[in-house]
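K.L.:
Pasting a structure below so you can have a look.
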Amino acid sequence: MTPTTRTTSTPPATPAPPTPPAAPDPADERLRRWRLVLGGGDADGTGRTPTGTDAAVDGALAALYDRHPDDHGHDRDHTSTGPGTGRSRTAGLGASAPSVVRWLGDIRTYFPAPVVQVMQRDAIDRLGLATLLLEPEMLAAVEPDVHLVGTLLSLREAMPETTRETARAVVRKVADDLTERLAARTRATLTGALDRSARTSRPRHRDVDWNRTIRANLKNHLPEHRTVVPERLVGHARAARGVRKEVVLCVDQSGSMAASVVHAAVFAAVLASLRTLATRLVVFDTSVVDLTDRLDDPVDVLFGTRLGGGTDIDRALAHCQAGITRPADTVVVLVSDLYEGGIRGGLTKRVAAMKAAGTQFVALLALSDEGTPAYDRDRAAELAALGVPAFACTPDLFPEIMAAALEKRPLPIPVG
């Protein structure tokens, strides 16, 4: 009998775990970032040559920011050679839509949307590309934002028919995005303010404000029964079906107020959707245009504006004042940098007259996310002396401002 031999197989060796990639050297990463910021040239000092994606990002930045005016006041391409690179970097987008469209595609690939919007704005300002926005292929490539809408509206008169529908689509997207962001909160805040303004001493059970009622009746606390006897109920009446308050938005449409005009158009459309508010929208430069009949569509409102020109605030307020039928139930919101081209002193006289009649008056230097613009400080001081502080307001704060004005409370003015 042949003995059997038992063989033992050797288990395969366990593969070594892959070596993790080396962490980037922080100092090297700083040099890489500084190279993209400084853009090469003799003063760079980083000694870096961009490669791969960095080279593409560098080229997109160079096309916009490596341009300098020549002795004749025209833009020229700036050519620089980074230390040790052995290559020249040529900047410039060229005055043609195809090259700009390619560049717009590049920056949308390499940068987040907020940075893309800033670069687009800089390209329009620095390189004079506004007229290229009149070409449909350009509009289809841009990242829509409030400032782009302002530029398009300023070009409206020069816009060819082939571009108008594309331009409306761009404006529509921005208006829809703003409405989605702002409408729900605005409606909720102002509906609450309108409800709170209807006080009653005999609220129905479902309209009792129990927190206020308990505080008002703490003197009737019965500790042995662990209860409070509500001798006086505090609550609110149901909102009336008809119009209870009126709002007039009076908006300066001079060129510096473009972002404010866009936001005001969206807010006007939202306010007009509230049944208990009667909303009017008046825009002005040296003339006055009432756009109230277009408030069902903010895009129609925006295409009814005409950005640019002078300013006649007194004339605009005269138009608004003439339409006020219930001063004590009306809020007038002036959105303007207060630079008056009309009758000096007329602005403060009209504001004083409206306040004397019981109208709530709000003066906003801007309605945008851009902060406080340049404004006429003398006119602002005159309004402050009337009890009307002038301040810049962000779109997120605007519902709170309107709620306070409707309830005749002190306005929540931002600090700084």
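Following the order of the structure tokens, chains are lettered A, B, ..., residues in each are numbered from 1, and ligands are numbered from 1.
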Could you list, as a PDB file with N, CA, C and O atoms, in the first residue's frame, every residue within 7 Å of segment 249-263 of chain A, counting only C-alpha atoms and ignoring same-chain residues fewer than 2 positions away?

P.N.:
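Generated output (out-v3.pdb):
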ATOM      1  N   VAL A 146     -27.384  89.326 -11.671  1.00  0.00           N
ATOM      2  CA  VAL A 146     -28.062  90.616 -11.599  1.00  0.00           C
ATOM      3  C   VAL A 146     -27.321  91.672 -12.409  1.00  0.00           C
ATOM      4  O   VAL A 146     -27.935  92.483 -13.115  1.00  0.00           O
ATOM      5  N   HIS A 147     -25.987  91.674 -12.347  1.00  0.00           N
ATOM      6  CA  HIS A 147     -25.216  92.700 -13.046  1.00  0.00           C
ATOM      7  C   HIS A 147     -25.290  92.523 -14.562  1.00  0.00           C
ATOM      8  O   HIS A 147     -25.322  93.503 -15.307  1.00  0.00           O
ATOM      9  N   GLY A 150     -28.475  94.027 -15.662  1.00  0.00           N
ATOM     10  CA  GLY A 150     -28.351  95.475 -15.748  1.00  0.00           C
ATOM     11  C   GLY A 150     -27.680  95.911 -17.034  1.00  0.00           C
ATOM     12  O   GLY A 150     -28.108  96.879 -17.679  1.00  0.00           O
ATOM     13  N   VAL A 247     -48.603 100.128  -0.873  1.00  0.00           N
ATOM     14  CA  VAL A 247     -47.151 100.268  -0.953  1.00  0.00           C
ATOM     15  C   VAL A 247     -46.804 100.897  -2.300  1.00  0.00           C
ATOM     16  O   VAL A 247     -47.306 100.453  -3.340  1.00  0.00           O
ATOM     17  N   ALA A 265     -37.868  95.204  -9.016  1.00  0.00           N
ATOM     18  CA  ALA A 265     -38.869  94.634  -9.921  1.00  0.00           C
ATOM     19  C   ALA A 265     -39.377  93.300  -9.394  1.00  0.00           C
ATOM     20  O   ALA A 265     -40.588  93.011  -9.439  1.00  0.00           O
ATOM     21  N   VAL A 266     -38.471  92.482  -8.889  1.00  0.00           N
ATOM     22  CA  VAL A 266     -38.884  91.181  -8.349  1.00  0.00           C
ATOM     23  C   VAL A 266     -39.740  91.371  -7.095  1.00  0.00           C
ATOM     24  O   VAL A 266     -40.800  90.746  -6.945  1.00  0.00           O
ATOM     25  N   PHE A 267     -39.308  92.247  -6.196  1.00  0.00           N
ATOM     26  CA  PHE A 267     -40.085  92.467  -4.971  1.00  0.00           C
ATOM     27  C   PHE A 267     -41.448  93.071  -5.287  1.00  0.00           C
ATOM     28  O   PHE A 267     -42.450  92.725  -4.642  1.00  0.00           O
ATOM     29  N   ARG A 280     -47.805  99.680  -6.069  1.00  0.00           N
ATOM     30  CA  ARG A 280     -47.476 100.459  -7.258  1.00  0.00           C
ATOM     31  C   ARG A 280     -45.972 100.478  -7.432  1.00  0.00           C
ATOM     32  O   ARG A 280     -45.221 100.509  -6.454  1.00  0.00           O
ATOM     33  N   LEU A 281     -45.513 100.481  -8.675  1.00  0.00           N
ATOM     34  CA  LEU A 281     -44.097 100.597  -8.979  1.00  0.00           C
ATOM     35  C   LEU A 281     -43.893 101.750  -9.943  1.00  0.00           C
ATOM     36  O   LEU A 281     -44.457 101.764 -11.043  1.00  0.00           O
ATOM     37  N   VAL A 282     -43.065 102.697  -9.523  1.00  0.00           N
ATOM     38  CA  VAL A 282     -42.737 103.864 -10.334  1.00  0.00           C
ATOM     39  C   VAL A 282     -41.228 103.912 -10.491  1.00  0.00           C
ATOM     40  O   VAL A 282     -40.488 103.832  -9.497  1.00  0.00           O
ATOM     41  N   VAL A 283     -40.740 103.988 -11.731  1.00  0.00           N
ATOM     42  CA  VAL A 283     -39.305 104.146 -11.969  1.00  0.00           C
ATOM     43  C   VAL A 283     -39.086 105.518 -12.604  1.00  0.00           C
ATOM     44  O   VAL A 283     -39.966 106.051 -13.280  1.00  0.00           O
ATOM     45  N   PHE A 284     -37.891 106.056 -12.376  1.00  0.00           N
ATOM     46  CA  PHE A 284     -37.660 107.413 -12.854  1.00  0.00           C
ATOM     47  C   PHE A 284     -36.191 107.658 -13.156  1.00  0.00           C
ATOM     48  O   PHE A 284     -35.299 107.012 -12.615  1.00  0.00           O
ATOM     49  N   ASP A 285     -35.965 108.576 -14.078  1.00  0.00           N
ATOM     50  CA  ASP A 285     -34.678 109.255 -14.259  1.00  0.00           C
ATOM     51  C   ASP A 285     -35.041 110.732 -14.314  1.00  0.00           C
ATOM     52  O   ASP A 285     -35.434 111.285 -13.308  1.00  0.00           O
ATOM     53  N   LEU A 302     -38.875  94.784 -16.033  1.00  0.00           N
ATOM     54  CA  LEU A 302     -37.479  95.131 -16.301  1.00  0.00           C
ATOM     55  C   LEU A 302     -37.290  95.664 -17.721  1.00  0.00           C
ATOM     56  O   LEU A 302     -36.523  96.607 -17.942  1.00  0.00           O
ATOM     57  N   ARG A 306     -35.495 101.923 -18.281  1.00  0.00           N
ATOM     58  CA  ARG A 306     -34.524 102.488 -19.201  1.00  0.00           C
ATOM     59  C   ARG A 306     -33.348 102.981 -18.371  1.00  0.00           C
ATOM     60  O   ARG A 306     -33.340 104.112 -17.886  1.00  0.00           O
ATOM     61  N   LEU A 307     -32.372 102.109 -18.166  1.00  0.00           N
ATOM     62  CA  LEU A 307     -31.252 102.439 -17.297  1.00  0.00           C
ATOM     63  C   LEU A 307     -30.382 103.519 -17.908  1.00  0.00           C
ATOM     64  O   LEU A 307     -30.079 103.498 -19.097  1.00  0.00           O
ATOM     65  N   GLY A 308     -29.958 104.454 -17.053  1.00  0.00           N
ATOM     66  CA  GLY A 308     -29.103 105.540 -17.509  1.00  0.00           C
ATOM     67  C   GLY A 308     -29.831 106.868 -17.446  1.00  0.00           C
ATOM     68  O   GLY A 308     -30.990 106.956 -17.050  1.00  0.00           O
ATOM     69  N   GLY A 309     -29.142 107.929 -17.823  1.00  0.00           N
ATOM     70  CA  GLY A 309     -29.777 109.239 -17.840  1.00  0.00           C
ATOM     71  C   GLY A 309     -29.642 109.956 -16.504  1.00  0.00           C
ATOM     72  O   GLY A 309     -28.950 109.518 -15.596  1.00  0.00           O
ATOM     73  N   GLY A 310     -30.331 111.082 -16.384  1.00  0.00           N
ATOM     74  CA  GLY A 310     -30.245 111.912 -15.189  1.00  0.00           C
ATOM     75  C   GLY A 310     -31.203 111.462 -14.105  1.00  0.00           C
ATOM     76  O   GLY A 310     -31.713 110.342 -14.127  1.00  0.00           O
ATOM     77  N   THR A 311     -31.471 112.363 -13.160  1.00  0.00           N
ATOM     78  CA  THR A 311     -32.302 112.013 -12.016  1.00  0.00           C
ATOM     79  C   THR A 311     -33.149 113.209 -11.615  1.00  0.00           C
ATOM     80  O   THR A 311     -32.620 114.306 -11.418  1.00  0.00           O
ATOM     81  N   VAL A 332     -44.384 104.485   1.414  1.00  0.00           N
ATOM     82  CA  VAL A 332     -43.640 104.869   0.214  1.00  0.00           C
ATOM     83  C   VAL A 332     -42.177 104.490   0.430  1.00  0.00           C
ATOM     84  O   VAL A 332     -41.568 104.870   1.442  1.00  0.00           O
ATOM     85  N   VAL A 333     -41.627 103.737  -0.510  1.00  0.00           N
ATOM     86  CA  VAL A 333     -40.224 103.324  -0.442  1.00  0.00           C
ATOM     87  C   VAL A 333     -39.482 103.969  -1.605  1.00  0.00           C
ATOM     88  O   VAL A 333     -39.743 103.656  -2.764  1.00  0.00           O
ATOM     89  N   LEU A 334     -38.563 104.869  -1.281  1.00  0.00           N
ATOM     90  CA  LEU A 334     -37.717 105.495  -2.287  1.00  0.00           C
ATOM     91  C   LEU A 334     -36.390 104.741  -2.339  1.00  0.00           C
ATOM     92  O   LEU A 334     -35.713 104.588  -1.322  1.00  0.00           O
ATOM     93  N   VAL A 335     -36.024 104.245  -3.531  1.00  0.00           N
ATOM     94  CA  VAL A 335     -34.740 103.562  -3.727  1.00  0.00           C
ATOM     95  C   VAL A 335     -33.907 104.455  -4.634  1.00  0.00           C
ATOM     96  O   VAL A 335     -34.147 104.533  -5.847  1.00  0.00           O
ATOM     97  N   SER A 336     -32.916 105.141  -4.056  1.00  0.00           N
ATOM     98  CA  SER A 336     -32.138 106.110  -4.828  1.00  0.00           C
ATOM     99  C   SER A 336     -30.860 106.461  -4.084  1.00  0.00           C
ATOM    100  O   SER A 336     -30.816 106.393  -2.846  1.00  0.00           O
ATOM    101  N   ALA A 366     -29.732 101.775  -1.620  1.00  0.00           N
ATOM    102  CA  ALA A 366     -29.558 100.674  -2.574  1.00  0.00           C
ATOM    103  C   ALA A 366     -30.398  99.509  -2.085  1.00  0.00           C
ATOM    104  O   ALA A 366     -30.654  99.361  -0.886  1.00  0.00           O
ATOM    105  N   LEU A 367     -30.828  98.676  -3.019  1.00  0.00           N
ATOM    106  CA  LEU A 367     -31.520  97.424  -2.705  1.00  0.00           C
ATOM    107  C   LEU A 367     -30.748  96.320  -3.424  1.00  0.00           C
ATOM    108  O   LEU A 367     -31.122  95.851  -4.491  1.00  0.00           O
ATOM    109  N   SER A 368     -29.620  95.943  -2.839  1.00  0.00           N
ATOM    110  CA  SER A 368     -28.736  94.988  -3.490  1.00  0.00           C
ATOM    111  C   SER A 368     -27.782  94.411  -2.455  1.00  0.00           C
ATOM    112  O   SER A 368     -27.800  94.806  -1.279  1.00  0.00           O
TER     113      SER A 368
END

K.L.:
Which residues, written as a PDB file with C-alpha atoms, in the first residue's frame, have at least one atom at most 12 Å from Gly346 of chain A, with only C-alpha atoms counted and residues fewer than 2 positions away on the same chain left out?

P.N.:
ATOM      1  CA  ASP A 312     -35.358 114.033 -10.956  1.00  0.00           C
ATOM      2  CA  ILE A 313     -36.417 112.679  -7.561  1.00  0.00           C
ATOM      3  CA  ASP A 314     -38.768 115.577  -6.822  1.00  0.00           C
ATOM      4  CA  ARG A 315     -40.767 114.919  -9.989  1.00  0.00           C
ATOM      5  CA  ALA A 316     -41.000 111.198  -9.209  1.00  0.00           C
ATOM      6  CA  LEU A 317     -42.200 111.796  -5.638  1.00  0.00           C
ATOM      7  CA  ALA A 318     -44.766 114.307  -6.913  1.00  0.00           C
ATOM      8  CA  LEU A 338     -30.256 110.762  -3.616  1.00  0.00           C
ATOM      9  CA  GLU A 340     -30.928 115.134  -7.282  1.00  0.00           C
ATOM     10  CA  GLY A 341     -30.943 116.726 -10.707  1.00  0.00           C
ATOM     11  CA  GLY A 342     -34.327 118.355 -10.229  1.00  0.00           C
ATOM     12  CA  ILE A 343     -35.516 121.076  -7.866  1.00  0.00           C
ATOM     13  CA  ARG A 344     -33.135 121.450  -4.933  1.00  0.00           C
ATOM     14  CA  THR A 348     -37.264 117.021   1.533  1.00  0.00           C
ATOM     15  CA  LYS A 349     -40.379 119.191   1.197  1.00  0.00           C
ATOM     16  CA  ARG A 350     -42.342 116.340  -0.380  1.00  0.00           C
ATOM     17  CA  VAL A 351     -41.146 113.810   2.180  1.00  0.00           C
ATOM     18  CA  ALA A 352     -42.095 116.194   5.002  1.00  0.00           C
ATOM     19  CA  ALA A 353     -45.556 116.690   3.494  1.00  0.00           C
ATOM     20  CA  ARG A 379     -29.734 114.978   1.107  1.00  0.00           C
ATOM     21  CA  GLU A 382     -31.873 116.331   5.453  1.00  0.00           C
ATOM     22  CA  LEU A 383     -33.987 113.168   5.407  1.00  0.00           C
TER      23      LEU A 383
END

K.L.:
Tell me, in Å to one decimal, how far atom CA of Arg121 of chain A is from atom CA of Leu36 of chain A.

P.N.:
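Result for atom CA of Arg121 of chain A versus atom CA of Leu36 of chain A: 19.8 Å, one decimal.
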
K.L.:
Do a neighbour search on Asp329 of chain A at 12 Å with only C-alpha atoms, toss out local chain neighbours closer than 3 positions, and write the hits as a ChimeraX atom specification.

P.N.:
/A:194,197,243-248,276-278,324-326,332,354-355,357-361,405-408

K.L.:
For atom CA of Asp396 of chain A and atom CA of Asp122 of chain A, quote the distance in Å rounded to one decimal.

P.N.:
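Result for atom CA of Asp396 of chain A versus atom CA of Asp122 of chain A: 25.5 Å, one decimal.
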
K.L.:
Could you pull out the residues in segment 155-295 of chain A that DSSP calls helix (DSSP H, G or I) from the backbone, as a PyMOL selection string?

P.N.:
chain A and resi 156-158+161-196+205-207+210-216+218-220+255-272+292-294

K.L.:
Residues within 9 Å of Asp145 of chain A, please, as a PyMOL selection string. Count only C-alpha atoms; anything in the same chain fewer than 4 positions from it doesn't count.

P.N.:
chain A and resi 117+149-150+170-171+173-174

K.L.:
Provide the atom CA of Met159 of chain A to atom CA of Ala130 of chain A distance in Å, to one decimal place.

P.N.:
11.1 Å

K.L.:
Compile the contact shell of Pro389 of chain A as a list in words: residues with an atom at most 10 Å away, counting only C-alpha atoms, same-chain residues fewer than 5 positions apart removed.

P.N.:
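The filter keeps Phe361, Val362, Ala363, Leu364, Leu365, Ala380, Ala381, Glu382, Leu383, Ala384, Leu411 and Ile413 of chain A.
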
K.L.:
Counting only C-alpha atoms, which of A:Ala272, A:Ile124, A:Leu129, A:Leu148 gets nearest to Leu291 of chain A?

P.N.:
A:Ala272
